[in-house]
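Asker: The following block contains the structure, expressed as structure tokens.
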Amino acid sequence: MEFRVLEYFLAVAREQSITAAAASLHISQPALSTQLKALEKELGKQLLIRGVKGSRKVLLTEEGMILRKRAEELVSLMRRTEEEITGSDGMISGNVYIGAGETESVRLFAEAAEKVQKKYPDIRYHISSGNAEHVLEYLDKGLIDFGLLFTEIDAQKYEAFPVPIHDRWGVLMRRDSSLAYHESIAPEDLWDKPLIVSHQKGDDLFVNRWLQREESDLHIVATYNLLYNASLLVEEGLGYAICFDKIINTEGSSLCFRPLSPQLESPAYIVWKKYQVFSKATKAYLDCLLEILNDYRFQNVSSSP
């Protein structure tokens, strides 16, 4: 299977037309059709449904959709590899790929990027947002350089550097709710309330231990992956969202945030694959990021009583 043919297939999947794809690729339509048929023959599967409802539109079969997903990953990885090799000499430039969940700690990435940009303005940053499963999947496939995780790290597969700033858990609620008059929220305050909780693996056990209740004993009305979407559910009165602080800006809105009591915090880690070879751009950025994290750690130790 040739890399070039995968790009041809992705163009057809994008355009949903062999003719339009051929034009975008600057090759003839018969030549493209021949390449696609050869690809189907090589794989022994039909990838495209041609002539949908008498038109020239093409759709992907189930096997075609699987190939599109994998081909996108392969093409992305190949392009990154080419960039890293061709940019290995001379001025440092290129792309840095980061995976992270929703957290205030992402500001550390921004602080490092701003600092590095002054020295290497040709470095470009790409942040992919998602939960721990998403970040680990992208790390394993080489689609991101490193990620920010709030979960246990497999030390045999990954290097991990602790983030000295911990995210604080609390409850996002409407300002007119009964709990909004509390300075903090105790476990028993939530036992009979409709709850909106993270469906990230590990968060449920972490929060349930604090709540001192099994999930089956709680009134969970919804789960979320992105807190912004959960905040809309809260705003409409569906329930109370258990979440990290400082992700949703509640100033001037109908929502407010109250911390948990006793306090509950989650430690975070900057994670990358063991024995990973970084491009010069990624290495420069990671070195700066780790330097910033060490400075924060030193400041926290110095300010401790």
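By convention in this document, the chains of the structure tokens carry letters A, B, ... by their order, each chain's residues are numbered from 1, and ligands are numbered from 1 in the order they are shown.
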If you run DSSP on this backbone, which residues of stretch 85-182 of chain A come out as strand (DSSP E), and could you give them as JSON, numbers by chain?
Answerer: {"A": [94, 95, 96, 97, 98, 99, 100, 123, 124, 125, 126, 127, 128, 129, 146, 147, 148, 149, 158, 159, 160, 161, 162, 163, 164, 165, 166, 167, 168, 169, 170, 171, 172, 173, 174]}
Asker: Write out as CSV a residue-level contact list of stretch 140-193 of chain A versus stretch 58-80 of chain A with cut-off 9 Å: for each qualifying residue the closest pair of atoms and the distance in Å to one decimal, counting only C-alpha atoms, rows sorted by chain and residue number upward.
Answerer:
```
residue,atom,partner,partner_atom,distance
A:Lys141,CA,A:Glu73,CA,7.9
A:Gly142,CA,A:Leu77,CA,6.8
A:Leu143,CA,A:Leu77,CA,6.2
```
Asker: Can you tell me, as a list in words, what residues are no more than 7 Å from stretch 168-172 of chain A when counting only C-alpha atoms, ignoring any on the same chain fewer than 5 positions away?
Answerer: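 My list of contacting residues is Tyr240, Ala241, Ile242, Cys243, Phe244, Asp245, Leu255, Cys256, Phe257, Arg258, Pro259, Leu260, Leu264, Glu265 and Ser266 of chain A.
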Asker: Take the residues from that selection and put them in a file with all heavy atoms, as a compact mmCIF listing (two decimals), in the first residue's frame.
Answerer:
```txt
# COMPACT_ATOMS: atom_id res chain seq x y z
N TYR A 240 -26.22 19.65 39.01
CA TYR A 240 -24.99 20.23 39.53
C TYR A 240 -23.81 19.49 38.90
O TYR A 240 -23.76 18.25 38.96
CB TYR A 240 -24.92 20.08 41.04
CG TYR A 240 -25.99 20.83 41.82
CD1 TYR A 240 -27.29 20.34 41.91
CD2 TYR A 240 -25.68 22.01 42.47
CE1 TYR A 240 -28.26 21.02 42.63
CE2 TYR A 240 -26.64 22.70 43.20
CZ TYR A 240 -27.94 22.20 43.27
OH TYR A 240 -28.89 22.88 43.99
N ALA A 241 -22.86 20.20 38.33
CA ALA A 241 -21.70 19.58 37.69
C ALA A 241 -20.51 19.55 38.64
O ALA A 241 -20.10 20.59 39.16
CB ALA A 241 -21.32 20.31 36.41
N ILE A 242 -19.98 18.36 38.89
CA ILE A 242 -18.76 18.21 39.68
C ILE A 242 -17.58 18.32 38.71
O ILE A 242 -17.49 17.55 37.75
CB ILE A 242 -18.74 16.86 40.42
CG1 ILE A 242 -19.96 16.75 41.34
CG2 ILE A 242 -17.46 16.73 41.23
CD1 ILE A 242 -20.06 15.42 42.06
N CYS A 243 -16.69 19.28 38.96
CA CYS A 243 -15.68 19.60 37.93
C CYS A 243 -14.49 20.33 38.55
O CYS A 243 -14.48 20.62 39.75
CB CYS A 243 -16.32 20.48 36.86
SG CYS A 243 -17.00 22.04 37.51
N PHE A 244 -13.52 20.64 37.70
CA PHE A 244 -12.37 21.44 38.10
C PHE A 244 -12.75 22.92 38.15
O PHE A 244 -13.61 23.39 37.40
CB PHE A 244 -11.21 21.28 37.12
CG PHE A 244 -10.47 19.97 37.22
CD1 PHE A 244 -9.79 19.47 36.13
CD2 PHE A 244 -10.42 19.27 38.42
CE1 PHE A 244 -9.09 18.28 36.22
CE2 PHE A 244 -9.73 18.08 38.52
CZ PHE A 244 -9.06 17.58 37.42
N ASP A 245 -12.05 23.65 39.00
CA ASP A 245 -12.21 25.10 39.10
C ASP A 245 -11.52 25.79 37.92
O ASP A 245 -10.64 25.22 37.26
CB ASP A 245 -11.59 25.57 40.41
CG ASP A 245 -11.96 27.01 40.76
OD1 ASP A 245 -12.79 27.60 40.06
OD2 ASP A 245 -11.41 27.52 41.77
N LEU A 255 -24.12 31.37 36.56
CA LEU A 255 -23.50 30.23 37.22
C LEU A 255 -22.51 30.67 38.29
O LEU A 255 -22.01 31.79 38.26
CB LEU A 255 -22.78 29.35 36.20
CG LEU A 255 -23.61 28.79 35.05
CD1 LEU A 255 -22.73 27.98 34.10
CD2 LEU A 255 -24.77 27.96 35.55
N CYS A 256 -22.23 29.78 39.22
CA CYS A 256 -21.19 30.03 40.22
C CYS A 256 -20.50 28.70 40.54
O CYS A 256 -21.00 27.62 40.23
CB CYS A 256 -21.78 30.65 41.49
SG CYS A 256 -22.96 29.60 42.35
N PHE A 257 -19.34 28.79 41.14
CA PHE A 257 -18.53 27.61 41.49
C PHE A 257 -18.29 27.62 43.00
O PHE A 257 -17.97 28.65 43.58
CB PHE A 257 -17.20 27.63 40.74
CG PHE A 257 -16.29 26.47 41.06
CD1 PHE A 257 -16.36 25.31 40.31
CD2 PHE A 257 -15.38 26.54 42.11
CE1 PHE A 257 -15.52 24.23 40.60
CE2 PHE A 257 -14.55 25.48 42.40
CZ PHE A 257 -14.62 24.32 41.65
N ARG A 258 -18.43 26.45 43.61
CA ARG A 258 -18.14 26.30 45.03
C ARG A 258 -17.20 25.12 45.22
O ARG A 258 -17.44 24.04 44.69
CB ARG A 258 -19.43 26.06 45.83
CG ARG A 258 -20.43 27.22 45.77
CD ARG A 258 -19.91 28.45 46.50
NE ARG A 258 -20.85 29.56 46.47
CZ ARG A 258 -20.82 30.56 45.59
NH1 ARG A 258 -19.84 30.57 44.65
NH2 ARG A 258 -21.71 31.52 45.62
N PRO A 259 -16.11 25.29 45.98
CA PRO A 259 -15.15 24.20 46.17
C PRO A 259 -15.71 23.12 47.09
O PRO A 259 -16.62 23.36 47.87
CB PRO A 259 -13.96 24.91 46.82
CG PRO A 259 -14.57 26.07 47.54
CD PRO A 259 -15.71 26.53 46.68
N LEU A 260 -15.13 21.93 46.97
CA LEU A 260 -15.51 20.82 47.82
C LEU A 260 -14.83 20.96 49.18
O LEU A 260 -13.73 21.48 49.29
CB LEU A 260 -15.11 19.49 47.19
CG LEU A 260 -15.70 19.16 45.82
CD1 LEU A 260 -15.24 17.78 45.36
CD2 LEU A 260 -17.22 19.24 45.82
N LEU A 264 -10.58 18.63 47.64
CA LEU A 264 -10.19 17.53 46.77
C LEU A 264 -9.42 18.11 45.59
O LEU A 264 -9.92 18.99 44.88
CB LEU A 264 -11.42 16.78 46.27
CG LEU A 264 -11.16 15.53 45.41
CD1 LEU A 264 -10.49 14.45 46.24
CD2 LEU A 264 -12.47 15.02 44.82
N GLU A 265 -8.18 17.63 45.41
CA GLU A 265 -7.33 18.11 44.32
C GLU A 265 -6.82 16.93 43.50
O GLU A 265 -6.69 15.81 44.01
CB GLU A 265 -6.14 18.90 44.85
CG GLU A 265 -6.51 20.21 45.52
CD GLU A 265 -5.28 20.99 45.95
OE1 GLU A 265 -4.25 20.36 46.24
OE2 GLU A 265 -5.35 22.23 46.00
N SER A 266 -6.51 17.20 42.23
CA SER A 266 -5.97 16.17 41.34
C SER A 266 -4.57 16.57 40.87
O SER A 266 -4.41 17.66 40.32
CB SER A 266 -6.87 15.96 40.12
OG SER A 266 -8.03 15.25 40.46
```
Asker: What does the distance between atom CA of A:Gly239 and atom CA of A:Glu133 come to in Å, to one decimal place?
Answerer: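 Distance reported for this atom pair: 25.8 Å.
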Asker: Report, in Å to a single decimal, how far apart atom CA of A:Ser184 and atom CA of A:Gly252 are.
Answerer: 20.0 Å
Asker: Between A:Leu36, A:Gly99, A:Lys118, A:Ala268, which one has atoms that come closest to A:Glu137, using only C-alpha atoms?
Answerer: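 Closest residue, counting only C-alpha atoms: A:Gly99.
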Asker: Which residues are close to A:Ser231, i.e. within 8 Å by only C-alpha atoms, leaving aside same-chain residues fewer than 2 positions away? Reply as a list in words.
Answerer: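 The neighbour list is Leu172, Leu227, Tyr228, Asn229, Leu233, Val234, Glu235, Ala241 and Ile248 of chain A.
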Asker: Would you output that residue set with C-alpha atoms, as a tab-separated table (two decimals), in the first residue's frame?
Answerer:
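File written: part09.tsv
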```
chain	number	residue	atom	x	y	z
A	172	LEU	CA	-20.67	24.30	39.14
A	227	LEU	CA	-17.16	20.95	30.68
A	228	TYR	CA	-18.45	23.76	28.47
A	229	ASN	CA	-21.22	21.46	27.26
A	233	LEU	CA	-26.87	21.64	31.10
A	234	VAL	CA	-26.28	23.30	34.47
A	235	GLU	CA	-27.47	26.64	33.15
A	241	ALA	CA	-21.70	19.58	37.69
A	248	ILE	CA	-15.73	27.97	33.17
```
Asker: Taking the backbone alone, and naming residues the way the document does, which bits of stretch 114-208 of chain A are helix (DSSP H, G or I) by DSSP, as a ChimeraX atom specification?
Answerer: /A:114-119,132-140,178-181,187-190,203-208
Asker: Restricting the calculation to only C-alpha atoms: of A:Ala155, A:Ala160, A:Ala186, A:Leu232, which residue gets closest to A:Arg174?
Answerer: A:Leu232
Asker: From the set A:Ala112, A:Leu293, A:Val12, A:Ala180, which residue has the shortest atom-to-atom contact distance to A:Ile165, counting only C-alpha atoms?
Answerer: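 Using only C-alpha atoms, the shortest distance to A:Ile165 belongs to A:Leu293.
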Asker: Determine the nearest neighbour of A:His26 from the options A:Val163, A:Pro267, A:Tyr8, A:Ile127, counting only C-alpha atoms.
Answerer: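 Smallest distance to A:His26 is found for A:Tyr8.
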Asker: Provide the atom CA of A:Asp140 to atom CA of A:Lys273 distance in Å, to one decimal place.
Answerer: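 Pair atom CA of A:Asp140 / atom CA of A:Lys273 returns 7.4 Å.
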Asker: Need the shell around A:Ile270: protein/DNA/RNA residues with any atom at most 9 Å away, counting only C-alpha atoms. Skip same-chain ones fewer than 2 positions apart. Format as a VMD selection string?
Answerer: chain A and resid 146 to 149 159 to 163 268 272 290
Asker: Could you give me, as a PyMOL selection string, the residues within 10 Å of A:Leu39, counting only C-alpha atoms and dropping anything in the same chain fewer than 3 positions from it?
Answerer: chain A and resi 1-2+5-6+9+33-36+42-47
Asker: With a distance cut-off of 8 Å and only C-alpha atoms, select the neighbouring residues of A:Ala132, excluding the residue or stretch itself and same-chain residues fewer than 5 positions from it, and output the selection as a PyMOL selection string.
Answerer: chain A and resi 100-101+149-151+200-201
Asker: What would the file look like if the residues just selected were written as a short mmCIF file (atom, residue, chain, number, x, y, z; two decimals), in the first residue's frame with N, CA and C atoms?
Answerer:
```
data_model
loop_
_atom_site.label_atom_id
_atom_site.label_comp_id
_atom_site.auth_asym_id
_atom_site.auth_seq_id
_atom_site.Cartn_x
_atom_site.Cartn_y
_atom_site.Cartn_z
N ALA A 100 -4.24 17.45 25.76
CA ALA A 100 -4.58 17.84 27.14
C ALA A 100 -6.08 17.84 27.34
N GLY A 101 -6.48 17.66 28.59
CA GLY A 101 -7.87 17.83 28.96
C GLY A 101 -8.14 19.27 29.32
N LEU A 149 -1.91 14.73 31.74
CA LEU A 149 -2.83 13.70 32.21
C LEU A 149 -3.08 13.80 33.71
N PHE A 150 -4.32 13.48 34.11
CA PHE A 150 -4.69 13.38 35.52
C PHE A 150 -5.07 11.92 35.81
N THR A 151 -4.11 11.05 35.68
CA THR A 151 -4.39 9.63 35.85
C THR A 151 -3.09 8.92 36.20
N GLN A 200 -14.74 10.57 32.31
CA GLN A 200 -13.37 10.13 32.12
C GLN A 200 -13.05 9.01 33.09
N LYS A 201 -12.40 7.98 32.58
CA LYS A 201 -12.04 6.82 33.39
C LYS A 201 -11.15 7.25 34.55
#
```
Asker: For a quick check of understanding, using only C-alpha atoms, which of A:Leu211, A:Ala11, A:Ala20, A:Ala222 has the smallest distance to A:Ile196?
Answerer: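 So, comparing all the options, the nearest one is A:Ala222.
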